[in-house]
Amino acid sequence: MSDGQLAVIGVGSVGSMALWQASKLGIAPVGFEAVTPAHPRSAVGGDTRLFRMTYRGQHNLYPVLQLAERLWRQLEQESGQEILTQCGGLSIGETDGSYIPALLDSIRRTGARHEILDYAEMTRRYPQHRLSPDECGIFDPAAGFLRTDRAVLSAVELAQAHGAQVVKGARMREIREVSDGVRISTDTDSWTFDRVIVASGFGSGAVLPPFLQRHVHPKRLLLTWFTARDTKQFLPEAFPIFIRITGDRSLYGTPTVDGVTVKATLDGRGTTTPDAASIARELTAAEVEESVDTVQAFLPGLVPEIVRSDAYPDLWTSDSTGLLGPLPGSGRIYCATGFSGAGFKMSSALGAIAAAEALGRDPLVEGPDFLRPARFGTPD
Ligand SMILES: Cc1cc2nc3c(=O)[nH]c(=O)nc-3n(C[C@H](O)[C@H](O)[C@H](O)COP(=O)(O)OP(=O)(O)OC[C@H]3O[C@@H](n4cnc5c(N)ncnc54)[C@H](O)[C@@H]3O)c2cc1C
């Protein structure tokens, strides 16, 4: 006998949004979460995530980002909470380097709004960044930051108000299609649902079939925070989110959200980890040294001492893109995981696409084929 129409495995960034959207489709989905929604050892941890519409090398994500922006606004409207602060965003790099020309190429393909700021204009408008004359900035007016815990918990509360349930402390060990549905099992209990969405992020490797397990691996990502000498310069109205890739150095960050600390973190430094559930939270001496050196070189208005740091897991695919679509060989299991260090900004859209497609509704965006799990083959 079926326990319901839809189960969502993992109630984190993407799972919470899938639950919210599925509940609005008039069914009563059930979310199964190994710990609790938005727990601080998941990819939700660390207060904020960058949101931006201009994206190097991934112009085909643009329709997903457009949908995400609309759904963040809808989540704010329905919950009455401020979730996305669109304070603008800067991409900074050498005018003729590897980053800026590739970013401009993506922007041209999508038509995303942007402004090119040369060295003089950057220095005038954003003196917080110490640039060299061969660098420039691209301003994305739609960019900003998302308040992660608030986003996830708002979606969960709205879903519950529409009839969804959340089972906490339920770590799935097996997800298996059977003749009349999908059997999902923890160490002690089992349920059968008509359809299942796998949104268990860093923990998904264990429940995916072997042919997909080979294409995913968890990584450890750092976050570091610094204090400002003059906090006013780092408020959202003065200091857009930024990503700076210059030579072999890279840093990204947000304005202050607590009025004291500024997030400024080395970019692209995820390290593969065998056990996502128990990653080292302490930074190594080398990580501390590189973080401090880079902040000192790029942002002279920050005191070059780390005042807060932590490390969080996320699941990578072998092409760093994500898995969004039906599990090959299954008509009932849908994957929404593996978003490779970039998934939060679009999690509102990813959850909505997953809910609609898993339940056989009309597609919400055209052509996210590059995200389909089938690109990695079929079951052994
Ligand atoms: C430090 C850091 C910085 C980042 N910065 C950005 C950024 O600026 N912008 C951006 O867009 N993205 C960013 N990302 C990426 C983004 O945060 C992730 O891609 C996204 O949050 C992943 O969402 P998820 O739902 O797949 O995973 P999660 O949010 O981690 O949710 C997975 C949930 O599933 C649960 N779970 C795991 N295994 C099981 C199981 N077997 N059974 C039941 N439940 C299970 C977990 O407990 C967790 O709650 C960053 C990631 C990290 C770690």
# chains A, B, ... in the order shown; residues from 1 in each chain; ligands from 1
$ residues_near_ligand --ligand "ligand 1" --cutoff "6 Å" --atoms "only C-alpha atoms and all ligand atoms" --output "PyMOL selection string"
chain A and resi 9-15+32-35+37-38+42-44+49-51+170-173+199-204+221-223+312-314+337-345
$ residues_around --residues "Tyr99 of chain A" --least-positions-apart "6" --cutoff "10 Å" --atoms "only C-alpha atoms" --output "list in words"
Arg56, Gly57, Ser91, Ile92, Gly93, Arg244, Ile245, Thr246 and Gly247 of chain A
$ write_last_selection --atoms "N, CA and C atoms" --output "compact mmCIF listing (two decimals), in the first residue's frame"
# COMPACT_ATOMS: atom_id res chain seq x y z
N ARG A 56 30.00 32.76 -15.55
CA ARG A 56 31.00 32.36 -16.54
C ARG A 56 30.75 30.92 -17.04
N GLY A 57 30.72 30.75 -18.34
CA GLY A 57 30.71 29.40 -18.92
C GLY A 57 29.40 28.65 -18.78
N SER A 91 31.96 41.30 -10.59
CA SER A 91 32.94 40.30 -10.98
C SER A 91 34.19 41.07 -11.35
N ILE A 92 35.29 40.74 -10.71
CA ILE A 92 36.51 41.54 -10.90
C ILE A 92 37.63 40.63 -11.41
N GLY A 93 38.39 41.12 -12.35
CA GLY A 93 39.52 40.35 -12.85
C GLY A 93 40.31 41.16 -13.85
N ARG A 244 36.28 37.79 -7.28
CA ARG A 244 37.46 38.35 -7.93
C ARG A 244 38.42 37.22 -8.27
N ILE A 245 38.77 37.11 -9.54
CA ILE A 245 39.70 36.06 -9.98
C ILE A 245 40.79 36.77 -10.77
N THR A 246 41.94 36.85 -10.16
CA THR A 246 43.05 37.62 -10.73
C THR A 246 44.30 36.76 -10.65
N GLY A 247 44.86 36.40 -11.81
CA GLY A 247 46.03 35.53 -11.80
C GLY A 247 45.68 34.23 -11.07
$ closest_residue --among "A:Ala18, A:Val303, A:Val196, A:Leu65" --to "Val152 of chain A" --atoms "only C-alpha atoms"
A:Ala18
$ residues_around --residues "Ile353 of chain A" --least-positions-apart "3" --cutoff "7 Å" --atoms "only C-alpha atoms" --output "PyMOL selection string"
chain A and resi 349-350+356-357+363-364
$ closest_residue --among "A:Gln165, A:Gln58, A:Ser16, A:Gln233" --to "His129 of chain A" --atoms "only C-alpha atoms"
A:Gln233
$ closest_residue --among "A:Thr271, A:Glu174, A:Arg220, A:Glu69" --to "Asp189 of chain A" --atoms "only C-alpha atoms"
A:Glu174
$ select_by_dssp --residues "segment 138-224 of chain A" --states "alpha helix (DSSP H)" --output "ChimeraX atom specification"
/A:148-161,210-213
$ select_by_dssp --residues "segment 212-321 of chain A" --states "strand (DSSP E or B)" --output "ChimeraX atom specification"
/A:216-228,241-246,249-253,261-266,271-272,302,308-317
$ closest_residue --among "A:Thr273, A:Thr186, A:Thr265, A:Gln86" --to "Phe239 of chain A" --atoms "only C-alpha atoms"
A:Gln86
$ closest_residue --among "A:Ile107, A:Leu75, A:Val64, A:Ala352" --to "Arg150 of chain A" --atoms "only C-alpha atoms"
A:Leu75
$ residues_around --residues "segment 133-147 of chain A" --least-positions-apart "3" --cutoff "7 Å" --atoms "only C-alpha atoms" --output "MDAnalysis selection string"
chainID A and resid 47:54 83:95 113:119 122 150:151 240:241
$ residues_around --residues "Gly367 of chain A" --least-positions-apart "4" --cutoff "10 Å" --atoms "only C-alpha atoms" --output "CSV table (one decimal) with N, CA and C atoms, in the first residue's frame"
chain,number,residue,atom,x,y,z
A,60,ASN,N,23.7,28.5,-20.3
A,60,ASN,CA,22.4,27.7,-20.4
A,60,ASN,C,21.7,27.6,-19.1
A,61,LEU,N,22.3,28.1,-18.0
A,61,LEU,CA,21.6,28.1,-16.7
A,61,LEU,C,20.7,29.3,-16.6
A,63,PRO,N,17.9,30.5,-18.0
A,63,PRO,CA,16.4,30.4,-17.8
A,63,PRO,C,16.1,29.9,-16.3
A,64,VAL,N,17.0,29.0,-15.8
A,64,VAL,CA,16.8,28.5,-14.5
A,64,VAL,C,17.0,29.7,-13.4
A,363,PRO,N,6.7,21.1,-18.0
A,363,PRO,CA,8.0,21.6,-17.7
A,363,PRO,C,7.9,23.1,-17.4
A,371,LEU,N,21.6,19.1,-17.6
A,371,LEU,CA,21.6,18.7,-16.2
A,371,LEU,C,21.1,17.3,-16.0
A,372,ARG,N,20.6,16.6,-17.1
A,372,ARG,CA,19.9,15.3,-16.9
A,372,ARG,C,20.9,14.2,-16.5
$ residues_around --residues "Arg73 of chain A" --least-positions-apart "4" --cutoff "10 Å" --atoms "only C-alpha atoms" --output "JSON, numbers by chain"
{"A": [68, 69, 77, 78, 79, 81, 82, 83, 84, 348]}
